[in-house]
Amino acid sequence: MIGAGIVTYVGIAVGYTGRAAWIAYATAVLGGFLVNLPLILMCTAARIKGGNYSFMSTTCGDILGGFCGISQLVSVLVFSNFALALASYLTVVFPSVPSWVFAYGSLTLFAVVNLFGTDFMAKVQNILSVILILGLVLLGFTGIANARPDWLHITQDGYFSDGLGGFNLAVMALMGSTQGYTLITSFSGSCKRPKRDLPLALCGVPLVLLVIYCSVGIAMSNVLPVEETANQPLTAVAKVLFPNWLYYVFIFAGPVMALATTMNSSFGIFERPLCQVTDDGWLPQTLSKRNKYGIAWKWIIIMYIVGIIPMASGLSIATILANTTFLSSITNILLVIGIWRYPETMEGAWENRSWKVSMAFFKGSCVVCLLIRLFLIWQSLKKANMTMVIGSTIALIVCLGWCYYRQKSGKVHVTKSWELQ
């Protein structure tokens with residue numbers, strides 16, 4: 001979870017709302033938790049082997065399930081952001097190397113790493129994550145210690161620099177880094193006790209995010225004048241806070257590790273649901289052919305190609321973010337509807353949930369989630385590239401039509417991919 005977003009979007013948030021970027025981050029962490037709460041509650045009821053696709057097929061029917069499964073490829077477009085951001089940091093250390101070398105090279109590297117199986121990927125991930133957290137904590141707490149003495153006085157000049165509209169845009173941008181942790185439900189089928197362990201982990205993550213993300217937000221927005229950090233990477237403030245040798249250590253321990261861990265895990269997170277989609281017949285079976293490490297190597301290659309497209313088109317990080325937020329929010333509205341229906345459609349799940357919350361609480365969490373999703377769509381449209389939005393929306397419509405055709409052709413045989421244990 002603590003990955004690309006913290007080093008990619010915080011500078012953008014400073015540009016939108018000035019010194020209030022850390023408040024926007026706290027709001028985004030809360031918003032991310034509220035968006036994820038319905039799925040967290042659902043995870044207490046069943047082991048979900050195929051991620052969102054599995055329960056959508058059960059709760060909303062085969063066609064919408066297949067649509068949600070295939071449309072996950074839209075989210076892969078954000079891989080370009082990870083690669084572009086990583087390149088922006090590495091060129092600070094190696095200014096003579098063209099940024100495109102790092103951007104394309106990093107995406108290629110982690111695609112290859114994921115071809116060698118989950119165990120190998122996880123070992124790499126664990127090492128990188130420890131280094132990452134140490135780096136971000138160092139920046140955050142050093143930043144607080146050196147922040148302007150009036151950083152808690154939110155009525156001072158520089159706070160909410162573009163009014164409520166700018167603050168809302170900052171929250172929209174930052175929520176790209178505060179809600180993705182439910183993607184680990186894709187690994188539910190591999191967990192020993194998913195109904196207990198996954199919900200606990202998912203509720204613990206926001207508490208960690210609040211400390212690390214807000215401290216970094218304070219460092220980025222209240223150490224230097226806003227004009228010097230707005231739309232800039234973390235290196236803008238790190239260079240002032242750290243001696244020269246520690247500055248370069250931080251670039252690798254913080255930003256580079258953050259982006260590396262996100263790219264490394266993202267391939268695996270999306271590969272599993274896409275394999276389930278393929279195995280059920282929504283797409284040609286050959287796409288899920290595994291190599292000797294159990295990885296669907298063709299899907300890794302497809303995700304790699306999709307991830308390159310926005311980068312090759314020359315779009316900025318902010319533009320890619322707005323487009324992917326818009327599209328993912330649309331598909332996530334369908335997911336909210338599917339979660340809402342699970343007590344009635346997943347036989348025995350509600351009765352066997354490990355957290356005995358009331359039906360009113362569960363339904364209320366779904367309503368709040370839906371309202372936040374609509375807010376994100378509204379905000380993202382203000383910054384989205386309309387050509388890309390229209391093109392991607394057409395792709396989603398074609399995807400829905402394909403699922404209808406495929407289901408009517410008799411080639412789809414959806415298997416039950418959830419269980420109560």
# chains A, B, ... in the order shown; residues from 1 in each chain; ligands from 1
$ closest_atom_pairs --of "stretch 333-380 of chain A" --to "stretch 324-328 of chain A" --cutoff "7 Å" --atoms "only C-alpha atoms" --output "CSV"
residue,atom,partner,partner_atom,distance
A:Leu376,CA,A:Phe326,CA,7.0
A:Ile377,CA,A:Phe326,CA,5.0
A:Ser380,CA,A:Phe326,CA,5.6
$ residues_around --residues "A:Leu169" --least-positions-apart "2" --cutoff "12 Å" --atoms "only C-alpha atoms" --output "PyMOL selection string"
chain A and resi 9-10+12-18+21+24-25+27-28+160-167+171-176+318+321-322+325+375-384
$ closest_residue --among "A:Ile40, A:Leu109, A:Val367, A:Ile6" --to "A:Lys195" --atoms "only C-alpha atoms"
A:Ile40
$ closest_residue --among "A:Leu334, A:Leu371, A:Ile63, A:Ile320" --to "A:Ser75" --atoms "only C-alpha atoms"
A:Ile320
$ closest_atom_pairs --of "stretch 279-323 of chain A" --to "stretch 256-265 of chain A" --cutoff "12 Å" --atoms "only C-alpha atoms" --output "Markdown table"
| residue | atom | partner | partner_atom | distance |
| --- | --- | --- | --- | --- |
| A:Ile300 | CA | A:Asn264 | CA | 11.5 |
| A:Met303 | CA | A:Met263 | CA | 11.3 |
| A:Tyr304 | CA | A:Met263 | CA | 10.5 |
| A:Gly307 | CA | A:Met263 | CA | 10.4 |
$ closest_residue --among "A:Leu400, A:Ala236, A:Ala296, A:Val223" --to "A:Pro273" --atoms "only C-alpha atoms"
A:Ala296
$ closest_residue --among "A:Ala85, A:Lys192, A:Ser221, A:Met42" --to "A:Glu351" --atoms "only C-alpha atoms"
A:Met42
$ select_by_dssp --residues "stretch 10-202 of chain A" --states "helix (DSSP H, G or I)" --output "NGL selection string"
:A and (10-17 or 21-43 or 52-60 or 62-70 or 72-93 or 99-114 or 118-145 or 163-177 or 180-190 or 194-202)
$ residues_around --residues "A:Gln285" --least-positions-apart "6" --cutoff "12 Å" --atoms "only C-alpha atoms" --output "JSON list (two decimals) with N, CA and C atoms, in the first residue's frame"
[["chain", "number", "residue", "atom", "x", "y", "z"],
["A", 274, "LEU", "N", -7.53, -11.77, -13.55],
["A", 274, "LEU", "CA", -7.61, -11.92, -15.00],
["A", 274, "LEU", "C", -7.50, -13.39, -15.41],
["A", 275, "CYS", "N", -6.74, -14.16, -14.65],
["A", 275, "CYS", "CA", -6.67, -15.60, -14.92],
["A", 275, "CYS", "C", -8.02, -16.27, -14.65],
["A", 276, "GLN", "N", -8.67, -15.87, -13.57],
["A", 276, "GLN", "CA", -9.98, -16.44, -13.26],
["A", 276, "GLN", "C", -10.99, -16.09, -14.35],
["A", 277, "VAL", "N", -10.92, -14.85, -14.85],
["A", 277, "VAL", "CA", -11.79, -14.42, -15.94],
["A", 277, "VAL", "C", -11.57, -15.30, -17.17],
["A", 278, "THR", "N", -10.31, -15.55, -17.48],
["A", 278, "THR", "CA", -9.97, -16.35, -18.65],
["A", 278, "THR", "C", -10.38, -17.80, -18.46],
["A", 279, "ASP", "N", -10.12, -18.35, -17.30],
["A", 279, "ASP", "CA", -10.47, -19.74, -17.03],
["A", 279, "ASP", "C", -11.98, -19.99, -17.14],
["A", 296, "ALA", "N", 0.66, -16.76, -15.32],
["A", 296, "ALA", "CA", 0.08, -16.59, -16.66],
["A", 296, "ALA", "C", 0.92, -15.56, -17.42],
["A", 298, "LYS", "N", 1.36, -14.68, -20.46],
["A", 298, "LYS", "CA", 0.77, -13.84, -21.51],
["A", 298, "LYS", "C", 0.06, -12.63, -20.91],
["A", 299, "TRP", "N", -0.58, -12.82, -19.74],
["A", 299, "TRP", "CA", -1.23, -11.68, -19.08],
["A", 299, "TRP", "C", -0.20, -10.67, -18.59],
["A", 411, "LYS", "N", -19.79, -20.14, -24.51],
["A", 411, "LYS", "CA", -18.38, -20.43, -24.22],
["A", 411, "LYS", "C", -18.00, -20.11, -22.78],
["A", 412, "VAL", "N", -18.92, -19.48, -22.06],
["A", 412, "VAL", "CA", -18.63, -19.07, -20.69],
["A", 412, "VAL", "C", -19.19, -20.08, -19.71],
["A", 413, "HIS", "N", -18.35, -20.54, -18.81],
["A", 413, "HIS", "CA", -18.76, -21.48, -17.76],
["A", 413, "HIS", "C", -18.18, -20.99, -16.44]]
$ residues_around --residues "stretch 308-311 of chain A" --least-positions-apart "6" --cutoff "9 Å" --atoms "only C-alpha atoms" --output "ChimeraX atom specification"
/A:77-81,83-84,103-104,107,317,320
$ closest_residue --among "A:Trp297, A:Ala395, A:Val92, A:Asp157" --to "A:Lys239" --atoms "only C-alpha atoms"
A:Val92
$ closest_residue --among "A:Cys403, A:Ile23, A:Val93, A:Met359" --to "A:Tyr213" --atoms "only C-alpha atoms"
A:Ile23
$ decode --residues "stretch 342-382 of chain A" --atoms "N, CA and C atoms" --output "short mmCIF file (atom, residue, chain, number, x, y, z; two decimals), in the first residue's frame"
data_model
loop_
_atom_site.label_atom_id
_atom_site.label_comp_id
_atom_site.auth_asym_id
_atom_site.auth_seq_id
_atom_site.Cartn_x
_atom_site.Cartn_y
_atom_site.Cartn_z
N TYR A 342 -24.57 -8.97 -1.63
CA TYR A 342 -23.99 -10.25 -1.22
C TYR A 342 -24.78 -10.98 -0.12
N PRO A 343 -25.39 -10.29 0.87
CA PRO A 343 -26.13 -11.06 1.88
C PRO A 343 -27.27 -11.88 1.30
N GLU A 344 -27.84 -11.42 0.18
CA GLU A 344 -28.96 -12.15 -0.42
C GLU A 344 -28.52 -13.16 -1.48
N THR A 345 -27.34 -12.97 -2.06
CA THR A 345 -26.94 -13.80 -3.21
C THR A 345 -25.83 -14.81 -2.91
N MET A 346 -25.06 -14.61 -1.85
CA MET A 346 -24.02 -15.57 -1.49
C MET A 346 -24.54 -16.39 -0.31
N GLU A 347 -25.06 -17.54 -0.62
CA GLU A 347 -25.78 -18.35 0.37
C GLU A 347 -24.91 -18.71 1.57
N GLY A 348 -25.37 -18.33 2.75
CA GLY A 348 -24.69 -18.68 3.99
C GLY A 348 -23.60 -17.71 4.40
N ALA A 349 -23.22 -16.77 3.51
CA ALA A 349 -22.10 -15.88 3.80
C ALA A 349 -22.44 -14.90 4.94
N TRP A 350 -23.60 -14.27 4.84
CA TRP A 350 -23.97 -13.28 5.87
C TRP A 350 -24.07 -13.94 7.24
N GLU A 351 -24.65 -15.12 7.29
CA GLU A 351 -24.84 -15.82 8.57
C GLU A 351 -23.51 -16.27 9.17
N ASN A 352 -22.50 -16.50 8.31
CA ASN A 352 -21.21 -17.01 8.79
C ASN A 352 -20.12 -15.94 8.85
N ARG A 353 -20.50 -14.67 8.77
CA ARG A 353 -19.50 -13.60 8.83
C ARG A 353 -18.83 -13.60 10.21
N SER A 354 -17.56 -13.27 10.23
CA SER A 354 -16.82 -13.28 11.50
C SER A 354 -17.04 -12.00 12.30
N TRP A 355 -17.41 -10.90 11.64
CA TRP A 355 -17.75 -9.66 12.33
C TRP A 355 -19.26 -9.48 12.27
N LYS A 356 -19.93 -9.54 13.39
CA LYS A 356 -21.39 -9.53 13.43
C LYS A 356 -21.94 -8.09 13.44
N VAL A 357 -21.64 -7.32 12.40
CA VAL A 357 -22.20 -5.98 12.29
C VAL A 357 -23.66 -6.09 11.86
N SER A 358 -24.44 -5.05 12.13
CA SER A 358 -25.85 -5.06 11.77
C SER A 358 -26.02 -4.82 10.27
N MET A 359 -27.17 -5.22 9.75
CA MET A 359 -27.47 -4.98 8.34
C MET A 359 -27.52 -3.48 8.05
N ALA A 360 -28.06 -2.69 8.99
CA ALA A 360 -28.15 -1.25 8.79
C ALA A 360 -26.76 -0.62 8.66
N PHE A 361 -25.82 -1.06 9.48
CA PHE A 361 -24.45 -0.55 9.41
C PHE A 361 -23.82 -0.92 8.08
N PHE A 362 -24.02 -2.16 7.66
CA PHE A 362 -23.44 -2.62 6.40
C PHE A 362 -24.00 -1.82 5.22
N LYS A 363 -25.32 -1.68 5.16
CA LYS A 363 -25.94 -0.95 4.05
C LYS A 363 -25.53 0.52 4.08
N GLY A 364 -25.43 1.10 5.29
CA GLY A 364 -25.00 2.49 5.40
C GLY A 364 -23.60 2.70 4.87
N SER A 365 -22.72 1.75 5.13
CA SER A 365 -21.35 1.86 4.62
C SER A 365 -21.33 1.82 3.09
N CYS A 366 -22.24 1.07 2.50
CA CYS A 366 -22.34 1.00 1.04
C CYS A 366 -22.80 2.34 0.46
N VAL A 367 -23.75 2.98 1.12
CA VAL A 367 -24.26 4.28 0.66
C VAL A 367 -23.15 5.33 0.71
N VAL A 368 -22.42 5.37 1.81
CA VAL A 368 -21.31 6.32 1.95
C VAL A 368 -20.27 6.08 0.87
N CYS A 369 -19.95 4.82 0.63
CA CYS A 369 -18.98 4.45 -0.41
C CYS A 369 -19.44 4.96 -1.77
N LEU A 370 -20.72 4.77 -2.08
CA LEU A 370 -21.27 5.20 -3.36
C LEU A 370 -21.16 6.72 -3.52
N LEU A 371 -21.47 7.47 -2.48
CA LEU A 371 -21.40 8.94 -2.54
C LEU A 371 -19.97 9.42 -2.79
N ILE A 372 -19.00 8.76 -2.14
CA ILE A 372 -17.60 9.15 -2.35
C ILE A 372 -17.18 8.85 -3.78
N ARG A 373 -17.63 7.71 -4.32
CA ARG A 373 -17.31 7.36 -5.71
C ARG A 373 -17.85 8.42 -6.67
N LEU A 374 -19.06 8.89 -6.45
CA LEU A 374 -19.64 9.93 -7.31
C LEU A 374 -18.85 11.23 -7.19
N PHE A 375 -18.39 11.55 -5.98
CA PHE A 375 -17.55 12.72 -5.78
C PHE A 375 -16.26 12.62 -6.59
N LEU A 376 -15.63 11.45 -6.59
CA LEU A 376 -14.38 11.25 -7.32
C LEU A 376 -14.59 11.40 -8.82
N ILE A 377 -15.71 10.89 -9.34
CA ILE A 377 -16.01 11.05 -10.76
C ILE A 377 -16.14 12.52 -11.11
N TRP A 378 -16.88 13.26 -10.29
CA TRP A 378 -17.10 14.70 -10.53
C TRP A 378 -15.78 15.46 -10.53
N GLN A 379 -14.92 15.20 -9.56
CA GLN A 379 -13.65 15.91 -9.47
C GLN A 379 -12.70 15.52 -10.59
N SER A 380 -12.66 14.23 -10.93
CA SER A 380 -11.71 13.77 -11.94
C SER A 380 -12.03 14.35 -13.32
N LEU A 381 -13.30 14.58 -13.60
CA LEU A 381 -13.68 15.15 -14.89
C LEU A 381 -13.10 16.54 -15.10
N LYS A 382 -12.80 17.25 -14.01
CA LYS A 382 -12.25 18.60 -14.13
C LYS A 382 -10.82 18.59 -14.68
#
